[in-house]
>>> print(open('model_11.txt').read())   # compact mmCIF, N, CA and C atoms
# COMPACT_ATOMS: atom_id res chain seq x y z
N MET A 1 -28.76 -11.29 -30.41
CA MET A 1 -27.32 -11.49 -30.36
C MET A 1 -27.03 -12.55 -29.30
N ARG A 2 -26.16 -13.45 -29.62
CA ARG A 2 -25.84 -14.57 -28.77
C ARG A 2 -24.49 -14.34 -28.07
N ILE A 3 -24.46 -14.55 -26.73
CA ILE A 3 -23.22 -14.39 -25.97
C ILE A 3 -22.69 -15.78 -25.65
N PRO A 4 -21.45 -16.07 -25.99
CA PRO A 4 -20.91 -17.39 -25.71
C PRO A 4 -20.92 -17.69 -24.20
N ALA A 5 -21.17 -18.93 -23.86
CA ALA A 5 -21.26 -19.35 -22.45
C ALA A 5 -19.95 -19.09 -21.70
N LEU A 6 -18.83 -19.24 -22.37
CA LEU A 6 -17.54 -19.01 -21.73
C LEU A 6 -17.39 -17.56 -21.29
N SER A 7 -17.84 -16.62 -22.11
CA SER A 7 -17.77 -15.19 -21.77
C SER A 7 -18.62 -14.89 -20.54
N VAL A 8 -19.79 -15.49 -20.48
CA VAL A 8 -20.68 -15.29 -19.33
C VAL A 8 -20.04 -15.86 -18.08
N ALA A 9 -19.44 -17.05 -18.18
CA ALA A 9 -18.80 -17.67 -17.03
C ALA A 9 -17.63 -16.82 -16.53
N VAL A 10 -16.84 -16.29 -17.43
CA VAL A 10 -15.71 -15.43 -17.05
C VAL A 10 -16.22 -14.17 -16.35
N ALA A 11 -17.29 -13.60 -16.86
CA ALA A 11 -17.86 -12.39 -16.25
C ALA A 11 -18.39 -12.68 -14.86
N VAL A 12 -19.03 -13.82 -14.65
CA VAL A 12 -19.56 -14.18 -13.33
C VAL A 12 -18.42 -14.41 -12.35
N VAL A 13 -17.38 -15.11 -12.76
CA VAL A 13 -16.23 -15.35 -11.88
C VAL A 13 -15.54 -14.03 -11.53
N ALA A 14 -15.35 -13.17 -12.50
CA ALA A 14 -14.72 -11.87 -12.25
C ALA A 14 -15.55 -11.04 -11.28
N ALA A 15 -16.85 -11.03 -11.43
CA ALA A 15 -17.72 -10.29 -10.53
C ALA A 15 -17.68 -10.86 -9.12
N THR A 16 -17.64 -12.18 -9.01
CA THR A 16 -17.56 -12.83 -7.70
C THR A 16 -16.25 -12.50 -7.00
N ILE A 17 -15.16 -12.57 -7.74
CA ILE A 17 -13.85 -12.24 -7.15
C ILE A 17 -13.82 -10.78 -6.73
N ALA A 18 -14.27 -9.89 -7.56
CA ALA A 18 -14.28 -8.46 -7.23
C ALA A 18 -15.18 -8.20 -6.04
N GLY A 19 -16.32 -8.83 -5.99
CA GLY A 19 -17.24 -8.63 -4.87
C GLY A 19 -16.67 -9.19 -3.58
N GLY A 20 -15.96 -10.30 -3.67
CA GLY A 20 -15.37 -10.91 -2.48
C GLY A 20 -14.16 -10.15 -1.98
N ALA A 21 -13.47 -9.44 -2.84
CA ALA A 21 -12.25 -8.73 -2.45
C ALA A 21 -12.58 -7.44 -1.71
N ALA A 22 -13.70 -6.83 -1.98
CA ALA A 22 -14.02 -5.54 -1.37
C ALA A 22 -14.12 -5.61 0.15
N PRO A 23 -14.82 -6.58 0.75
CA PRO A 23 -14.88 -6.60 2.21
C PRO A 23 -13.53 -6.85 2.85
N ALA A 24 -12.70 -7.69 2.25
CA ALA A 24 -11.39 -7.96 2.82
C ALA A 24 -10.54 -6.70 2.85
N ALA A 25 -10.62 -5.89 1.81
CA ALA A 25 -9.86 -4.65 1.78
C ALA A 25 -10.35 -3.69 2.85
N ALA A 26 -11.65 -3.68 3.11
CA ALA A 26 -12.21 -2.78 4.11
C ALA A 26 -11.76 -3.18 5.52
N ASP A 27 -11.52 -4.48 5.76
CA ASP A 27 -11.10 -4.95 7.08
C ASP A 27 -9.69 -4.51 7.43
N THR A 28 -8.85 -4.25 6.45
CA THR A 28 -7.46 -3.88 6.69
C THR A 28 -7.23 -2.41 6.37
N LEU A 29 -8.11 -1.58 6.83
CA LEU A 29 -8.02 -0.15 6.59
C LEU A 29 -6.82 0.45 7.33
N VAL A 30 -5.99 1.16 6.61
CA VAL A 30 -4.83 1.82 7.21
C VAL A 30 -5.25 3.20 7.68
N SER A 31 -4.87 3.54 8.91
CA SER A 31 -5.21 4.83 9.50
C SER A 31 -3.94 5.55 9.93
N THR A 32 -4.05 6.86 10.12
CA THR A 32 -2.93 7.65 10.63
C THR A 32 -3.38 8.49 11.81
N VAL A 33 -2.44 8.75 12.69
CA VAL A 33 -2.64 9.66 13.81
C VAL A 33 -1.55 10.71 13.70
N ASN A 34 -1.94 11.97 13.71
CA ASN A 34 -0.98 13.07 13.70
C ASN A 34 -0.88 13.65 15.10
N LEU A 35 0.33 13.82 15.57
CA LEU A 35 0.58 14.35 16.91
C LEU A 35 1.43 15.61 16.82
N GLU A 36 1.13 16.59 17.67
CA GLU A 36 1.92 17.81 17.73
C GLU A 36 2.05 18.23 19.18
N ALA A 37 3.21 18.75 19.54
CA ALA A 37 3.44 19.20 20.91
C ALA A 37 4.38 20.39 20.91
N GLY A 38 4.10 21.34 21.77
CA GLY A 38 4.94 22.53 21.90
C GLY A 38 4.66 23.56 20.82
N ALA A 39 5.37 24.68 20.92
CA ALA A 39 5.19 25.78 19.96
C ALA A 39 6.52 26.48 19.74
N GLY A 40 6.60 27.22 18.64
CA GLY A 40 7.81 27.99 18.33
C GLY A 40 9.03 27.10 18.20
N LEU A 41 10.10 27.43 18.93
CA LEU A 41 11.32 26.63 18.89
C LEU A 41 11.16 25.27 19.56
N HIS A 42 10.00 25.04 20.18
CA HIS A 42 9.70 23.76 20.83
C HIS A 42 8.59 23.01 20.11
N HIS A 43 8.36 23.29 18.83
CA HIS A 43 7.29 22.61 18.09
C HIS A 43 7.80 21.26 17.57
N ASN A 44 7.15 20.18 18.00
CA ASN A 44 7.48 18.81 17.61
C ASN A 44 6.26 18.17 16.98
N SER A 45 6.48 17.21 16.09
CA SER A 45 5.34 16.54 15.47
C SER A 45 5.70 15.09 15.11
N ALA A 46 4.66 14.30 14.92
CA ALA A 46 4.85 12.91 14.52
C ALA A 46 3.60 12.41 13.81
N THR A 47 3.77 11.43 12.96
CA THR A 47 2.66 10.75 12.30
C THR A 47 2.87 9.25 12.50
N VAL A 48 1.83 8.60 13.01
CA VAL A 48 1.86 7.15 13.22
C VAL A 48 0.85 6.52 12.26
N THR A 49 1.31 5.56 11.47
CA THR A 49 0.44 4.84 10.54
C THR A 49 0.21 3.45 11.11
N TYR A 50 -1.07 3.04 11.16
CA TYR A 50 -1.40 1.76 11.78
C TYR A 50 -2.63 1.15 11.13
N GLU A 51 -2.87 -0.14 11.45
CA GLU A 51 -4.08 -0.82 11.03
C GLU A 51 -4.52 -1.77 12.14
N ARG A 52 -5.80 -2.03 12.21
CA ARG A 52 -6.36 -2.97 13.17
C ARG A 52 -5.91 -4.38 12.83
N VAL A 53 -5.73 -5.21 13.85
CA VAL A 53 -5.40 -6.61 13.65
C VAL A 53 -6.71 -7.37 13.60
N ASP A 54 -6.99 -8.01 12.47
CA ASP A 54 -8.25 -8.74 12.29
C ASP A 54 -8.42 -9.82 13.35
N GLY A 55 -9.60 -9.85 13.95
CA GLY A 55 -9.94 -10.90 14.89
C GLY A 55 -9.33 -10.76 16.26
N ALA A 56 -8.54 -9.74 16.51
CA ALA A 56 -7.90 -9.56 17.81
C ALA A 56 -8.54 -8.38 18.55
N VAL A 57 -8.77 -8.57 19.82
CA VAL A 57 -9.35 -7.51 20.64
C VAL A 57 -8.24 -6.57 21.07
N ASN A 58 -8.44 -5.29 20.86
CA ASN A 58 -7.52 -4.26 21.34
C ASN A 58 -6.09 -4.46 20.84
N SER A 59 -5.94 -4.73 19.55
CA SER A 59 -4.62 -4.91 18.95
C SER A 59 -4.53 -4.10 17.67
N VAL A 60 -3.39 -3.45 17.48
CA VAL A 60 -3.12 -2.76 16.23
C VAL A 60 -1.70 -3.06 15.79
N LYS A 61 -1.51 -2.98 14.49
CA LYS A 61 -0.17 -3.14 13.91
C LYS A 61 0.33 -1.76 13.56
N ILE A 62 1.39 -1.33 14.21
CA ILE A 62 2.02 -0.04 13.90
C ILE A 62 2.88 -0.28 12.66
N ILE A 63 2.48 0.32 11.57
CA ILE A 63 3.17 0.12 10.29
C ILE A 63 4.42 0.99 10.21
N SER A 64 4.26 2.27 10.52
CA SER A 64 5.41 3.16 10.44
C SER A 64 5.18 4.39 11.31
N LEU A 65 6.26 5.11 11.54
CA LEU A 65 6.14 6.40 12.21
C LEU A 65 7.17 7.35 11.64
N LEU A 66 6.83 8.60 11.71
CA LEU A 66 7.70 9.68 11.26
C LEU A 66 7.65 10.74 12.33
N ALA A 67 8.81 11.09 12.92
CA ALA A 67 8.86 12.06 14.01
C ALA A 67 9.81 13.19 13.66
N PHE A 68 9.40 14.42 13.99
CA PHE A 68 10.21 15.62 13.78
C PHE A 68 10.40 16.31 15.13
N SER A 69 11.64 16.61 15.47
CA SER A 69 11.89 17.32 16.73
C SER A 69 12.13 18.80 16.46
N SER A 70 11.91 19.57 17.50
CA SER A 70 12.17 21.00 17.40
C SER A 70 13.66 21.26 17.54
N GLU A 71 14.03 22.52 17.48
CA GLU A 71 15.44 22.89 17.62
C GLU A 71 15.95 22.69 19.04
N ARG A 72 15.03 22.56 20.00
CA ARG A 72 15.44 22.51 21.40
C ARG A 72 15.12 21.21 22.13
N ASP A 73 14.46 20.26 21.46
CA ASP A 73 13.98 19.07 22.15
C ASP A 73 14.43 17.77 21.48
N CYS A 74 14.21 16.69 22.19
CA CYS A 74 14.30 15.33 21.66
C CYS A 74 12.91 14.73 21.85
N VAL A 75 12.46 13.92 20.89
CA VAL A 75 11.09 13.40 20.98
C VAL A 75 11.04 11.88 20.86
N TRP A 76 10.11 11.31 21.60
CA TRP A 76 9.80 9.89 21.54
C TRP A 76 8.33 9.76 21.16
N VAL A 77 8.05 8.75 20.36
CA VAL A 77 6.66 8.36 20.10
C VAL A 77 6.46 7.11 20.95
N GLU A 78 5.47 7.16 21.84
CA GLU A 78 5.29 6.09 22.81
C GLU A 78 3.85 5.58 22.80
N TRP A 79 3.63 4.40 23.33
CA TRP A 79 2.28 3.86 23.48
C TRP A 79 2.08 3.44 24.92
N ASN A 80 0.82 3.44 25.35
CA ASN A 80 0.51 3.15 26.76
C ASN A 80 0.49 1.64 27.00
N ASP A 81 1.67 1.08 27.15
CA ASP A 81 1.87 -0.35 27.34
C ASP A 81 1.43 -0.76 28.74
N PRO A 82 0.41 -1.63 28.86
CA PRO A 82 -0.05 -2.02 30.18
C PRO A 82 0.98 -2.86 30.95
N ASN A 83 2.01 -3.36 30.27
CA ASN A 83 3.04 -4.17 30.91
C ASN A 83 4.29 -3.36 31.28
N ASP A 84 4.30 -2.07 30.95
CA ASP A 84 5.47 -1.24 31.25
C ASP A 84 5.51 -0.95 32.75
N VAL A 85 6.62 -1.27 33.38
CA VAL A 85 6.73 -1.07 34.83
C VAL A 85 7.20 0.33 35.20
N GLY A 86 7.63 1.10 34.23
CA GLY A 86 8.09 2.46 34.50
C GLY A 86 6.91 3.40 34.65
N ASP A 87 6.76 4.29 33.68
CA ASP A 87 5.67 5.27 33.73
C ASP A 87 4.44 4.83 32.93
N GLY A 88 4.45 3.59 32.41
CA GLY A 88 3.30 3.09 31.65
C GLY A 88 3.36 3.40 30.16
N TRP A 89 4.43 4.01 29.70
CA TRP A 89 4.59 4.36 28.28
C TRP A 89 5.85 3.70 27.75
N ALA A 90 5.73 2.98 26.63
CA ALA A 90 6.86 2.31 26.00
C ALA A 90 7.15 2.95 24.64
N ALA A 91 8.42 3.10 24.33
CA ALA A 91 8.83 3.76 23.09
C ALA A 91 8.52 2.90 21.86
N LEU A 92 8.08 3.57 20.80
CA LEU A 92 7.90 2.92 19.51
C LEU A 92 9.12 3.17 18.62
N ASN A 93 9.69 4.38 18.68
CA ASN A 93 10.86 4.66 17.85
C ASN A 93 12.12 4.13 18.53
N SER A 94 13.08 3.71 17.73
CA SER A 94 14.31 3.11 18.24
C SER A 94 15.24 4.12 18.90
N GLU A 95 15.15 5.36 18.47
CA GLU A 95 15.95 6.44 19.06
C GLU A 95 15.21 7.75 18.83
N PRO A 96 15.46 8.74 19.67
CA PRO A 96 14.73 10.00 19.48
C PRO A 96 15.44 10.93 18.50
N PRO A 97 14.69 11.54 17.59
CA PRO A 97 15.30 12.62 16.82
C PRO A 97 15.44 13.83 17.74
N CYS A 98 16.53 14.55 17.59
CA CYS A 98 16.80 15.69 18.49
C CYS A 98 17.23 16.92 17.70
N TYR A 99 17.00 18.07 18.29
CA TYR A 99 17.53 19.36 17.83
C TYR A 99 17.29 19.64 16.34
N GLY A 100 16.05 19.51 15.92
CA GLY A 100 15.70 19.80 14.55
C GLY A 100 15.81 18.62 13.61
N GLY A 101 16.06 17.44 14.15
CA GLY A 101 16.19 16.25 13.31
C GLY A 101 14.86 15.55 13.09
N ASN A 102 14.88 14.56 12.23
CA ASN A 102 13.68 13.76 12.01
C ASN A 102 14.07 12.30 11.93
N LEU A 103 13.08 11.44 12.11
CA LEU A 103 13.31 10.01 12.09
C LEU A 103 12.10 9.34 11.47
N GLY A 104 12.32 8.52 10.48
CA GLY A 104 11.26 7.71 9.88
C GLY A 104 11.60 6.25 10.04
N GLU A 105 10.65 5.47 10.51
CA GLU A 105 10.88 4.04 10.70
C GLU A 105 9.69 3.23 10.21
N THR A 106 9.99 2.12 9.57
CA THR A 106 8.97 1.14 9.22
C THR A 106 9.03 0.08 10.30
N LEU A 107 7.94 -0.08 11.05
CA LEU A 107 7.99 -0.95 12.22
C LEU A 107 7.32 -2.31 12.01
N ASN A 108 6.11 -2.30 11.45
CA ASN A 108 5.32 -3.53 11.34
C ASN A 108 5.30 -4.28 12.67
N ARG A 109 4.98 -3.56 13.73
CA ARG A 109 5.00 -4.08 15.10
C ARG A 109 3.57 -4.10 15.66
N ILE A 110 3.17 -5.24 16.20
CA ILE A 110 1.84 -5.35 16.79
C ILE A 110 1.92 -4.98 18.26
N ILE A 111 1.04 -4.07 18.65
CA ILE A 111 0.89 -3.73 20.07
C ILE A 111 -0.51 -4.14 20.49
N LYS A 112 -0.62 -4.63 21.72
CA LYS A 112 -1.93 -5.07 22.18
C LYS A 112 -2.06 -4.86 23.68
N ALA A 113 -3.31 -4.79 24.09
CA ALA A 113 -3.62 -4.58 25.49
C ALA A 113 -4.87 -5.38 25.83
N PRO A 114 -5.09 -5.62 27.12
CA PRO A 114 -6.30 -6.35 27.51
C PRO A 114 -7.56 -5.58 27.17
N LYS A 115 -8.65 -6.30 27.05
CA LYS A 115 -9.94 -5.68 26.78
C LYS A 115 -10.21 -4.61 27.84
N GLY A 116 -10.69 -3.47 27.39
CA GLY A 116 -10.98 -2.37 28.30
C GLY A 116 -9.83 -1.38 28.48
N HIS A 117 -8.63 -1.71 28.03
CA HIS A 117 -7.47 -0.81 28.12
C HIS A 117 -7.36 -0.09 26.79
N GLN A 118 -7.77 1.16 26.73
CA GLN A 118 -7.76 1.93 25.48
C GLN A 118 -6.34 2.14 25.00
N LEU A 119 -6.04 1.68 23.79
CA LEU A 119 -4.72 1.89 23.21
C LEU A 119 -4.54 3.36 22.83
N LYS A 120 -3.40 3.92 23.20
CA LYS A 120 -3.09 5.31 22.91
C LYS A 120 -1.63 5.43 22.47
N VAL A 121 -1.34 6.48 21.73
CA VAL A 121 0.03 6.85 21.41
C VAL A 121 0.23 8.29 21.86
N ARG A 122 1.46 8.63 22.15
CA ARG A 122 1.76 10.02 22.51
C ARG A 122 3.08 10.44 21.92
N LEU A 123 3.20 11.73 21.71
CA LEU A 123 4.46 12.35 21.33
C LEU A 123 4.96 13.03 22.60
N ALA A 124 6.12 12.61 23.08
CA ALA A 124 6.68 13.16 24.31
C ALA A 124 7.98 13.88 23.98
N ALA A 125 8.05 15.15 24.36
CA ALA A 125 9.25 15.96 24.09
C ALA A 125 10.01 16.19 25.39
N TYR A 126 11.32 16.03 25.31
CA TYR A 126 12.20 16.18 26.46
C TYR A 126 13.27 17.21 26.10
N HIS A 127 13.70 18.01 27.08
CA HIS A 127 14.83 18.92 26.87
C HIS A 127 16.12 18.19 27.19
N ASP A 128 17.09 18.26 26.29
CA ASP A 128 18.44 17.73 26.52
C ASP A 128 18.47 16.36 27.18
N GLY A 129 17.63 15.45 26.74
CA GLY A 129 17.66 14.08 27.26
C GLY A 129 17.11 13.95 28.67
N GLY A 130 16.45 14.98 29.16
CA GLY A 130 15.90 14.93 30.51
C GLY A 130 14.86 13.85 30.68
N ILE A 131 14.47 13.61 31.92
CA ILE A 131 13.49 12.57 32.18
C ILE A 131 12.06 13.11 32.30
N GLU A 132 11.92 14.41 32.37
CA GLU A 132 10.59 15.01 32.49
C GLU A 132 10.03 15.35 31.11
N VAL A 133 8.78 14.95 30.88
CA VAL A 133 8.12 15.28 29.64
C VAL A 133 7.76 16.76 29.67
N ILE A 134 8.26 17.55 28.72
CA ILE A 134 8.01 18.97 28.67
C ILE A 134 6.70 19.26 27.94
N HIS A 135 6.54 18.66 26.78
CA HIS A 135 5.33 18.84 25.97
C HIS A 135 4.85 17.46 25.54
N LYS A 136 3.53 17.29 25.43
CA LYS A 136 3.04 16.01 24.97
C LYS A 136 1.69 16.18 24.26
N ASP A 137 1.40 15.22 23.42
CA ASP A 137 0.13 15.14 22.75
C ASP A 137 -0.26 13.66 22.75
N ILE A 138 -1.49 13.36 23.15
CA ILE A 138 -1.93 11.98 23.24
C ILE A 138 -3.15 11.77 22.34
N ALA A 139 -3.18 10.66 21.63
CA ALA A 139 -4.31 10.32 20.76
C ALA A 139 -4.67 8.86 20.93
N LYS A 140 -5.96 8.56 20.80
CA LYS A 140 -6.44 7.17 20.85
C LYS A 140 -6.24 6.51 19.50
N LEU A 141 -6.00 5.22 19.53
CA LEU A 141 -5.88 4.44 18.29
C LEU A 141 -7.21 3.78 18.01
>>> encode(input="model_11.txt", output="structure tokens")
Amino acid sequence: MRIPALSVAVAVVAATIAGGAAPAAADTLVSTVNLEAGAGLHHNSATVTYERVDGAVNSVKIISLLAFSSERDCVWVEWNDPNDVGDGWAALNSEPPCYGGNLGETLNRIIKAPKGHQLKVRLAAYHDGGIEVIHKDIAKL
């Protein structure tokens, strides 16, 4: 049986394209971090979706976050910003969900730190807008 040359050429090109696309997809792997803090009426949670920035040291793109507050707290999702002059943690969400509320945001925001500074995110729960973190959960990116 004879296979036309054009069919073989199309098959080779298709295989090359498919083979070349697989590594690129692997480089942009999307990951999630689940955070939880407190218990009972103080149970808060958040999910941060992110991906590594190709070719950049210690950089990730925060794609989105979803935060749920307990009936008694307000919550912030924060990252350990080496340039933050306050307590070293900068907010990712634009506003905190409070008293049983939730907040979902699509950010597409790149965060980065110098080599050797481990990137982390945390869920920080505050009572009634207070300045003291009551409950927290920290995870590495």
>>> residues_around(input="model_11.txt", residues="range 80-97 of chain A", least_positions_apart="4", cutoff="6 Å", atoms="only N, CA and C atoms", output="ChimeraX atom specification")
/A:69,73-76,101-103,119-121
>>> closest_residue(input="model_11.txt", among="A:Leu29, A:Ile110, A:His117, A:Phe68", to="Asn44 in chain A", atoms="all atoms listed in the file")
A:Phe68
>>> atom_distance(input="model_11.txt", atom1="atom N of Val133 in chain A", atom2="CA of Tyr99 in chain A")
16.3 Å
>>> residues_around(input="model_11.txt", residues="Pro114 in chain A", least_positions_apart="2", cutoff="8 Å", atoms="all atoms listed in the file", output="list in words")
Val57, Asn58, Ser59, Pro82, Lys112, Gly116, His117 and Gln118 of chain A
>>> select_by_dssp(input="model_11.txt", residues="range 26-86 of chain A", states="helix (DSSP H, G or I)", output="list in words")
Ala26, Asp27, Gly40, Leu41 and His42 of chain A
>>> atom_distance(input="model_11.txt", atom1="CA of His43 in chain A", atom2="atom N of Thr106 in chain A")
22.4 Å
>>> atom_distance(input="model_11.txt", atom1="atom C of Tyr126 in chain A", atom2="atom N of Ser64 in chain A")
23.4 Å
>>> select_by_dssp(input="model_11.txt", residues="range 77-123 of chain A", states="strand (DSSP E or B)", output="MDAnalysis selection string")
chainID A and resid 77:79 90:91 98 102:112 120:123
>>> closest_residue(input="model_11.txt", among="A:Leu141, A:Ala67, A:Ser31, A:Glu51", to="Gly104 in chain A", atoms="only N, CA and C atoms")
A:Ala67
>>> closest_residue(input="model_11.txt", among="A:Thr49, A:Ala124, A:Leu65, A:Trp79", to="Glu105 in chain A", atoms="only N, CA and C atoms")
A:Leu65
>>> closest_residue(input="model_11.txt", among="A:Leu123, A:Val77, A:Ile63, A:Ala113", to="Glu36 in chain A", atoms="only N, CA and C atoms")
A:Leu123
>>> closest_residue(input="model_11.txt", among="A:Leu107, A:Ile131, A:Val30, A:Cys98", to="Ser70 in chain A", atoms="all atoms listed in the file")
A:Cys98
>>> closest_residue(input="model_11.txt", among="A:Arg72, A:His127, A:Lys115, A:Lys136", to="Gly100 in chain A", atoms="only N, CA and C atoms")
A:Arg72
>>> decode(input="model_11.txt", residues="range 97-111 of chain A", atoms="N, CA and C atoms", output="CSV table (one decimal), in the first residue's frame")
chain,number,residue,atom,x,y,z
A,97,PRO,N,-13.0,40.4,52.9
A,97,PRO,CA,-14.3,39.9,53.1
A,97,PRO,C,-14.5,39.8,54.7
A,98,CYS,N,-15.6,40.2,55.2
A,98,CYS,CA,-15.9,40.2,56.6
A,98,CYS,C,-17.2,39.5,57.0
A,99,TYR,N,-17.3,39.0,58.2
A,99,TYR,CA,-18.5,38.5,58.8
A,99,TYR,C,-19.3,37.5,58.0
A,100,GLY,N,-18.6,36.5,57.5
A,100,GLY,CA,-19.3,35.5,56.7
A,100,GLY,C,-19.3,35.8,55.2
A,101,GLY,N,-18.6,36.8,54.8
A,101,GLY,CA,-18.6,37.1,53.4
A,101,GLY,C,-17.5,36.4,52.6
A,102,ASN,N,-17.5,36.5,51.3
A,102,ASN,CA,-16.4,36.0,50.5
A,102,ASN,C,-16.0,37.0,49.4
A,103,LEU,N,-14.8,36.8,48.9
A,103,LEU,CA,-14.3,37.7,47.8
A,103,LEU,C,-13.5,36.9,46.8
A,104,GLY,N,-13.8,37.0,45.6
A,104,GLY,CA,-13.1,36.4,44.5
A,104,GLY,C,-12.5,37.4,43.6
A,105,GLU,N,-11.2,37.4,43.3
A,105,GLU,CA,-10.6,38.4,42.5
A,105,GLU,C,-9.7,37.7,41.4
A,106,THR,N,-9.7,38.2,40.2
A,106,THR,CA,-8.7,37.8,39.2
A,106,THR,C,-7.7,38.9,39.2
A,107,LEU,N,-6.5,38.5,39.6
A,107,LEU,CA,-5.4,39.5,39.7
A,107,LEU,C,-4.4,39.6,38.6
A,108,ASN,N,-3.9,38.5,38.1
A,108,ASN,CA,-2.9,38.5,37.1
A,108,ASN,C,-1.7,39.5,37.5
A,109,ARG,N,-1.3,39.3,38.7
A,109,ARG,CA,-0.3,40.2,39.3
A,109,ARG,C,1.0,39.5,39.6
A,110,ILE,N,2.1,40.0,39.1
A,110,ILE,CA,3.4,39.4,39.4
A,110,ILE,C,4.0,39.9,40.7
A,111,ILE,N,4.4,39.0,41.5
A,111,ILE,CA,5.1,39.3,42.7
A,111,ILE,C,6.5,38.7,42.7
